[in-house]
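First the structure, in the form of structure tokens, and then the observations on it.
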Amino acid sequence: MTTIAERLALAQHRIAQAAGKCSRQAADITLLAVSKTKPATDIEAAYAAGQRCFGENYVQEGQQKILDLAPRYPDIEWHFIGPLQSNKSRPVAELFQWMHTIDRSKIAQRLNEQRPAAIPPLNVCIQINVSGETSKSGITSEAEMLSLAHEISQLPRLTLRGLMTIPSAEEGEKLIAEFQQMQQLYARLQQEFPPIDTLSMGMSHDLELAVEHGATMVRIGSAIFGARDYSQKPA
Ligand SMILES: *Cc1c(COP(=O)(O)O)cnc(C)c1O
């Protein structure tokens with residue numbers, strides 16, 4: 001049995017190796033620990049090992065964990081990385097520091113309206129559907145990306161940080177092509193919005209390839225917390 005601390009160290013090691021291979025600094029890549037479906041005690045174990053950024057996919061589950069843990073661990077940074085229905089946006093606007101899956105104007109507008117004035121603006125990424133599969137959320141063209149980015153940049157309670165994607169389940173050439181496309185879209189967005197600094201891509205099985213293609217934030221779940229059991233939960 002390996003512990004969460006050991007698996008976290010292994011994930012950090014993989015990031016450092018991948019960064020070294022393409023002459024990047026490991027410090028320029030943020031590890032986001034994806035704790036969806038896992039108990040708060042697993043988050044505490046990762047926290048004790050030094051982890052500070054955590055990603056959650058489901059509004060209610062994330063809300064419960066934040067209300068439980070944030071008072072004791074105020075330096076945890078909470079990232080919402082799941083699909084969001086607009087009628088459920090309020091807890092995300094009020095409790096999270098980051099939101100990775102903005103894919104339409106309506107969600108951006110609502111989060112902007114609901115973000116409390118007393119806390120800093122919500123950091124947001126635009127989600128790109130790079131594989132074009134109809135089952136995936138995210139926008140599918142550069143023009144759409146730029147127009148949504150311009151809109152977000154006008155919203156005072158949101159800060160545009162960059163792009164996020166979940167590539168297709170393919171491997172090899174197809175996956176490489178998708179990461180390359182993301183790298184190009186990110187470069188294009190950075191021309192228009194120089195302050196952006198986040199390319200959120202790469203998960204447990206493909207983090208090396210993502211780092212090679214410029215990812216600045218990798219979202220790692222099962223490699224740290226073990227396989228997820230969905231039998232208790234609706235997806
Ligand atoms: C679950 C999830 C992850 C983590 O996936 P692993 O394969 O367990 O590392 C990353 N990003 C998103 C959006 C997820 O939903």
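The way I read the labels, and the way they are meant: chains A, B, ... in the order of the structure tokens, residue 1 as the first residue of every chain, and ligand 1 as the first ligand shown, with later ones counted on from there.
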Return as CSV the residues of chain A lying at most 10 Å from ligand 1, together with the closest atom-to-atom pair for each and the distance in Å to one decimal, counting only C-alpha atoms and all ligand atoms, with rows in chain order and ascending residue number.
residue,atom,partner,partner_atom_place_in_ligand_line,distance
A:Leu32,CA,ligand 1,10 (C),8.6
A:Ala33,CA,ligand 1,4 (C),7.9
A:Val34,CA,ligand 1,4 (C),5.5
A:Ser35,CA,ligand 1,1 (C),8.1
A:Lys36,CA,ligand 1,1 (C),6.8
A:Thr37,CA,ligand 1,1 (C),9.2
A:Gly55,CA,ligand 1,11 (N),7.9
A:Glu56,CA,ligand 1,15 (O),7.9
A:Asn57,CA,ligand 1,15 (O),6.0
A:Tyr58,CA,ligand 1,15 (O),9.3
A:Phe80,CA,ligand 1,13 (C),8.7
A:Ile81,CA,ligand 1,13 (C),5.1
A:Gly82,CA,ligand 1,13 (C),5.7
A:Pro83,CA,ligand 1,13 (C),8.3
A:His100,CA,ligand 1,13 (C),8.3
A:Thr101,CA,ligand 1,13 (C),8.3
A:Gln127,CA,ligand 1,13 (C),9.8
A:Met164,CA,ligand 1,13 (C),8.6
A:Thr165,CA,ligand 1,13 (C),7.7
A:Ile166,CA,ligand 1,13 (C),6.2
A:Pro167,CA,ligand 1,13 (C),9.8
A:Ser200,CA,ligand 1,11 (N),8.8
A:Met201,CA,ligand 1,11 (N),7.7
A:Gly202,CA,ligand 1,10 (C),7.3
A:Met203,CA,ligand 1,9 (O),4.2
A:Ser204,CA,ligand 1,9 (O),3.6
A:His205,CA,ligand 1,7 (O),6.2
A:Asp206,CA,ligand 1,7 (O),8.4
A:Leu207,CA,ligand 1,9 (O),8.6
A:Val218,CA,ligand 1,10 (C),7.8
A:Arg219,CA,ligand 1,10 (C),4.6
A:Ile220,CA,ligand 1,9 (O),3.8
A:Gly221,CA,ligand 1,8 (O),3.5
A:Ser222,CA,ligand 1,8 (O),3.7
A:Ala223,CA,ligand 1,9 (O),6.0
A:Ile224,CA,ligand 1,9 (O),7.9
A:Phe225,CA,ligand 1,8 (O),8.1
A:Gly226,CA,ligand 1,8 (O),7.8
A:Ala227,CA,ligand 1,8 (O),7.1
A:Arg228,CA,ligand 1,8 (O),7.6
For this session: Just the alpha helix (DSSP H) stuff from stretch 25-178 of chain A, please, per backbone DSSP, written as number ranges by chain.
Result: A: 40-48, 59-69, 89-95, 105-114, 142-153, 173-178
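Taking only C-alpha atoms into account, A:Pro116 lies nearest to A:Leu95 out of the set A:Ile43, A:Met145, A:Leu155, A:Leu95.
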Problem set entry | Neighbour list for A:Gly162 as a count of residues only, cut-off 12 Å, only C-alpha atoms, skip fewer than 3 positions in-chain | 42
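Between atom CA of A:Pro71 and atom CA of A:Glu94 there is a distance of 14.7 Å.
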Problem set entry | Selection: 12 Å around stretch 67-70 of chain A, only C-alpha atoms, excl. self and same-chain fewer than 2 positions, as a ChimeraX atom specification | /A:39-44,47,52,54,60-65,72-78,91,94-97
Residues from last step as file, N, CA, C and O atoms, as a compact mmCIF listing (two decimals), in the first residue's frame:
# COMPACT_ATOMS: atom_id res chain seq x y z
N PRO A 39 -13.00 11.48 0.31
CA PRO A 39 -13.40 12.11 1.57
C PRO A 39 -12.47 13.27 1.97
O PRO A 39 -11.32 13.35 1.52
N ALA A 40 -12.97 14.13 2.83
CA ALA A 40 -12.20 15.28 3.31
C ALA A 40 -10.90 14.82 3.98
O ALA A 40 -9.88 15.53 3.92
N THR A 41 -10.90 13.63 4.57
CA THR A 41 -9.68 13.15 5.23
C THR A 41 -8.54 12.93 4.22
O THR A 41 -7.37 13.09 4.56
N ASP A 42 -8.90 12.58 2.97
CA ASP A 42 -7.86 12.44 1.94
C ASP A 42 -7.26 13.80 1.60
O ASP A 42 -6.05 13.92 1.34
N ILE A 43 -8.11 14.82 1.58
CA ILE A 43 -7.61 16.18 1.32
C ILE A 43 -6.67 16.60 2.46
O ILE A 43 -5.59 17.16 2.22
N GLU A 44 -7.06 16.26 3.69
CA GLU A 44 -6.21 16.61 4.84
C GLU A 44 -4.85 15.90 4.75
O GLU A 44 -3.82 16.48 5.10
N TYR A 47 -2.86 17.72 2.21
CA TYR A 47 -2.50 19.02 2.79
C TYR A 47 -1.29 18.85 3.72
O TYR A 47 -0.33 19.63 3.67
N ARG A 52 -1.61 22.34 -1.69
CA ARG A 52 -2.50 23.46 -1.35
C ARG A 52 -3.62 23.71 -2.36
O ARG A 52 -4.59 24.39 -2.02
N PHE A 54 -6.65 22.30 -4.69
CA PHE A 54 -7.52 21.14 -4.84
C PHE A 54 -8.63 21.43 -5.84
O PHE A 54 -9.17 22.54 -5.87
N GLN A 60 -22.31 20.46 -5.12
CA GLN A 60 -22.69 20.19 -3.74
C GLN A 60 -21.56 19.57 -2.93
O GLN A 60 -21.32 19.95 -1.77
N GLU A 61 -20.88 18.61 -3.54
CA GLU A 61 -19.76 17.96 -2.86
C GLU A 61 -18.65 18.98 -2.55
O GLU A 61 -18.10 19.01 -1.44
N GLY A 62 -18.34 19.83 -3.52
CA GLY A 62 -17.29 20.82 -3.32
C GLY A 62 -17.67 21.81 -2.22
O GLY A 62 -16.86 22.15 -1.35
N GLN A 63 -18.92 22.23 -2.26
CA GLN A 63 -19.43 23.17 -1.26
C GLN A 63 -19.28 22.59 0.15
O GLN A 63 -18.80 23.26 1.07
N GLN A 64 -19.68 21.33 0.32
CA GLN A 64 -19.58 20.70 1.64
C GLN A 64 -18.14 20.63 2.12
O GLN A 64 -17.84 20.92 3.28
N LYS A 65 -17.24 20.25 1.21
CA LYS A 65 -15.83 20.12 1.62
C LYS A 65 -15.26 21.49 1.99
O LYS A 65 -14.50 21.61 2.95
N ARG A 72 -10.47 25.59 8.84
CA ARG A 72 -9.24 25.06 9.44
C ARG A 72 -8.03 25.20 8.53
O ARG A 72 -6.89 25.19 8.99
N TYR A 73 -8.27 25.26 7.23
CA TYR A 73 -7.17 25.32 6.26
C TYR A 73 -7.41 26.50 5.32
O TYR A 73 -7.72 26.32 4.14
N PRO A 74 -7.28 27.72 5.84
CA PRO A 74 -7.64 28.89 5.02
C PRO A 74 -6.72 29.10 3.83
O PRO A 74 -7.08 29.85 2.92
N ASP A 75 -5.57 28.44 3.81
CA ASP A 75 -4.68 28.64 2.66
C ASP A 75 -4.89 27.62 1.55
O ASP A 75 -4.13 27.61 0.57
N ILE A 76 -5.91 26.77 1.66
CA ILE A 76 -6.23 25.91 0.51
C ILE A 76 -6.84 26.77 -0.59
O ILE A 76 -7.68 27.64 -0.33
N GLU A 77 -6.42 26.51 -1.85
CA GLU A 77 -7.00 27.18 -3.01
C GLU A 77 -7.94 26.18 -3.69
O GLU A 77 -7.50 25.11 -4.09
N TRP A 78 -9.21 26.55 -3.82
CA TRP A 78 -10.23 25.64 -4.34
C TRP A 78 -10.55 25.95 -5.80
O TRP A 78 -10.86 27.09 -6.14
N PRO A 91 -22.91 28.85 -5.48
CA PRO A 91 -21.86 28.37 -4.57
C PRO A 91 -20.46 28.45 -5.19
O PRO A 91 -19.48 28.66 -4.48
N GLU A 94 -19.36 32.01 -4.87
CA GLU A 94 -19.13 32.47 -3.50
C GLU A 94 -17.98 31.77 -2.79
O GLU A 94 -17.39 32.33 -1.86
N LEU A 95 -17.67 30.53 -3.19
CA LEU A 95 -16.75 29.73 -2.37
C LEU A 95 -15.41 29.39 -3.03
O LEU A 95 -14.43 29.16 -2.33
N PHE A 96 -15.38 29.30 -4.35
CA PHE A 96 -14.15 28.85 -5.01
C PHE A 96 -13.26 30.05 -5.36
O PHE A 96 -13.75 31.18 -5.50
N GLN A 97 -11.95 29.78 -5.54
CA GLN A 97 -11.04 30.83 -6.02
C GLN A 97 -10.88 30.77 -7.54
O GLN A 97 -10.50 31.75 -8.17
Exercise. Could you write out, as an MDAnalysis selection string, all the residues of stretch 14-53 of chain A that DSSP marks as strand (DSSP E)?
Worked result: chainID A and resid 30:34 53
Seminar exercise, completed: Judged by only C-alpha atoms, the minimum distance to A:Ala5 among A:Ala19, A:Ala45, A:Leu163, A:Ala27 is found for A:Ala45
Seminar exercise, completed: Min atom-atom distance to A:His150 from the set A:Ala108, A:Ala93, A:Ser231, A:Lys88, counting only C-alpha atoms, belongs to A:Ala108
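Between atom CA of A:Glu212 and atom CA of A:Glu6 there is a distance of 23.9 Å.
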